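Participant: Input: one structure, supplied below.
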Amino acid sequence: LVYGYTGALNYPAIAQALIKNNGTHPYVFYLALAMIYSGFAYKISSFPFHFWTPDVYEGSPTPVATFFSVGPKAAGFGALLHFVLTALSQKQGDGTFAPIAGIHIAPIMALISAATMVVGNLSAIAQTNVKRMLAFSSIAHVGYVLMGFVVMTPAAFSSIIFYLVAYCAMNLGAFWIVGIVTDQKKSSDLRDFTGMGWRMPLAGVCMAVFLFSLTGIPLFSGFIGKFLIFGSLIQSHSYLWLALLGVLNSVVSLYYYTKILRAMWLEKPSKWKLYFP
């Protein structure tokens with residue numbers, strides 16, 4: 001569809017063809033954009049193409065689930081960022097990027113970001129399997145990253161990259177601890193984490209650090225990433241409601257992350273055997 005309209009498949013050539021049309025694009029082109037984004041959304045687990053994620057994470061071996069939580073998302077966001085910047089945007093004199101005339105992605109990206117955050121966090125609350133909980137958590141984090149696409153400023157794009165790096169690090173760490181527990185308990189249910197902080201103190205402390213970072217507690221990398229993304233929205237003086245929604249979703253995420261911490265540190269283990277330093 002894109003080739004039929006623009007006569008090109010190269011991103012810069014597509015951008016030039018769109019510029020020549022002075023903002024008048026047929027509906028079939030917007031249909032093509034929706035189909036293209038659907039492919040990206042499936043890869044990064046964005047609403048409404050996120051339904052496969054929890055089942056895959058829960059049913060896969062922990063190393064495979066770890067890869068799915070990091071690899072496809074980083075690659076998908078990189079490809080999406082490249083597509084938006086080179087095919088749908090024009091660089092301005094002040095370093096910012098403006099959508100090509102007739103291409104208004106900010107309102108749509110804002111709605112998708114909001115829906116992804118809300119669905120991910122609210123769904124995670126009811127979970128009793130830690131891998132499934134982290135799957136919904138990863139969906140919510142996709143919503144945070146998508147906030148950076150709403151305001152196309154250098155600060156927003158820098159915050160996207162920083163947040164992705166921080167997310168990959170803290171998610172890898174969280175799944176590493178889940179893998180340790182799964183190897184010993186043959187399960188990743190929340191009850192299997194009972195007393196883990198006392199039986200495996202080093203692993204318990206590491207898990208607490210990773211969860212604090214995922215939540216966005218100050219002084220942790222997750223907080224810095226969210227601060228940068230929310231700040232880019234506030235500095236643009238647009239979509240302040242989205243920044244507020246992001247803060248509220250971070251508060252909601254604290255509830256289900258705390259469920260893991262409570263099981264690890266505040267509930268007594270059935271056995272006091274030290275499995276791991």
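We name chains A, B, ... following the order of the structure tokens; residues begin at 1 in each chain, and ligands are numbered from 1 as shown.
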Which residues of range 115-150 of chain A have any atom within 12 Å of an atom in range 30-43 of chain A when counting only C-alpha atoms, and what is the closest pair of atoms for each, with the distance in Å to one decimal? Order the rows by chain and rising number and write it as a tab-separated table.
Facilitator:
```
residue	atom	partner	partner_atom	distance
A:Thr116	CA	A:Ala41	CA	10.4
A:Ile139	CA	A:Ala41	CA	10.7
A:Val142	CA	A:Ala41	CA	9.6
A:Gly143	CA	A:Ala41	CA	10.9
A:Leu146	CA	A:Ala41	CA	10.5
```
Participant: Return as a ChimeraX atom specification the full set of residues in range 16-225 of chain A whose backbone-based DSSP assignment is strand (DSSP E).
Facilitator: /A:89-91,97-99
Participant: Limited to N, CA and C atoms, could you put the picked residues into a file as a PDB file, in the first residue's frame?
Facilitator:
```pdb
ATOM      1  N   SER A  89       8.804  12.052   9.563  1.00  0.00           N
ATOM      2  CA  SER A  89       9.159  13.296  10.248  1.00  0.00           C
ATOM      3  C   SER A  89      10.139  14.120   9.431  1.00  0.00           C
ATOM      4  N   GLN A  90      10.197  15.399   9.780  1.00  0.00           N
ATOM      5  CA  GLN A  90      11.166  16.329   9.223  1.00  0.00           C
ATOM      6  C   GLN A  90      11.950  16.965  10.360  1.00  0.00           C
ATOM      7  N   LYS A  91      13.264  17.033  10.215  1.00  0.00           N
ATOM      8  CA  LYS A  91      14.078  17.671  11.234  1.00  0.00           C
ATOM      9  C   LYS A  91      14.023  19.181  11.070  1.00  0.00           C
ATOM     10  N   PHE A  97      11.993  17.341  15.816  1.00  0.00           N
ATOM     11  CA  PHE A  97      11.401  16.696  14.652  1.00  0.00           C
ATOM     12  C   PHE A  97       9.914  17.016  14.616  1.00  0.00           C
ATOM     13  N   ALA A  98       9.438  17.393  13.463  1.00  0.00           N
ATOM     14  CA  ALA A  98       8.017  17.698  13.290  1.00  0.00           C
ATOM     15  C   ALA A  98       7.420  16.700  12.316  1.00  0.00           C
ATOM     16  N   PRO A  99       6.204  16.246  12.570  1.00  0.00           N
ATOM     17  CA  PRO A  99       5.568  15.318  11.629  1.00  0.00           C
ATOM     18  C   PRO A  99       5.402  15.959  10.256  1.00  0.00           C
TER      19      PRO A  99
END
```
Participant: Please identify the alpha helix (DSSP H) residues within range 77-256 of chain A (assignment by DSSP from backbone atoms) and present them as a ChimeraX atom specification.
Facilitator: /A:77-87,106-125,130-146,154-185,196-199,201-215,221-235,240-256
Participant: Using only C-alpha atoms, find each residue of range 214-238 of chain A with at least one atom at most 9 Å away from an atom of range 149-156 of chain A; report its shortest atom-to-atom pair and that distance in Å (one decimal), sort the rows by chain and rising residue number, and return the result as CSV.
Facilitator:
```
residue,atom,partner,partner_atom,distance
A:Leu228,CA,A:Ala156,CA,7.5
A:Ile229,CA,A:Ala156,CA,6.1
A:Phe230,CA,A:Ala156,CA,8.9
A:Gly231,CA,A:Ala156,CA,8.5
A:Ser232,CA,A:Ala156,CA,5.4
A:Leu233,CA,A:Val151,CA,6.4
A:Ser236,CA,A:Val151,CA,7.0
A:Ser238,CA,A:Val151,CA,8.0
```
Participant: To one decimal place, how far is CA of Leu122 in chain A from CA of Val70 in chain A in Å?
Facilitator: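 CA of Val70 in chain A lies 21.4 Å from CA of Leu122 in chain A.
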Participant: Near range 189-192 of chain A, counting only C-alpha atoms, which residues have an atom at most 9 Å away, once you skip same-chain residues fewer than 3 positions from it, shown as a list in words?
Facilitator: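 Residues near the query, excluding close chain neighbours: Gln127, Thr128, Asn129, Val130, Lys131, Val181, Thr182, Lys185, Gly195, Met196, Lys259, Ile260 and Ala263 of chain A.
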Participant: If we count only C-alpha atoms and set the cut-off at 6 Å, which residues sit around range 134-137 of chain A, ignoring sequence neighbours fewer than 2 positions away in its own chain? Please answer as a PyMOL selection string.
Facilitator: chain A and resi 54+120+124+131-132+139-140
Participant: Give me a file of those residues, with C-alpha atoms, as a PDB file, in the first residue's frame.
Facilitator:
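Writing done, so here's result_21.pdb:
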```
ATOM      1  CA  PRO A  54       1.689 -13.319  29.505  1.00  0.00           C
ATOM      2  CA  GLY A 120      -0.447  -3.711  31.885  1.00  0.00           C
ATOM      3  CA  ALA A 124      -0.553  -7.366  36.892  1.00  0.00           C
ATOM      4  CA  LYS A 131       6.650 -14.607  35.593  1.00  0.00           C
ATOM      5  CA  ARG A 132       3.152 -13.699  34.474  1.00  0.00           C
ATOM      6  CA  ILE A 139       3.628  -4.347  28.889  1.00  0.00           C
ATOM      7  CA  ALA A 140       3.219  -1.374  31.224  1.00  0.00           C
TER       8      ALA A 140
END
```
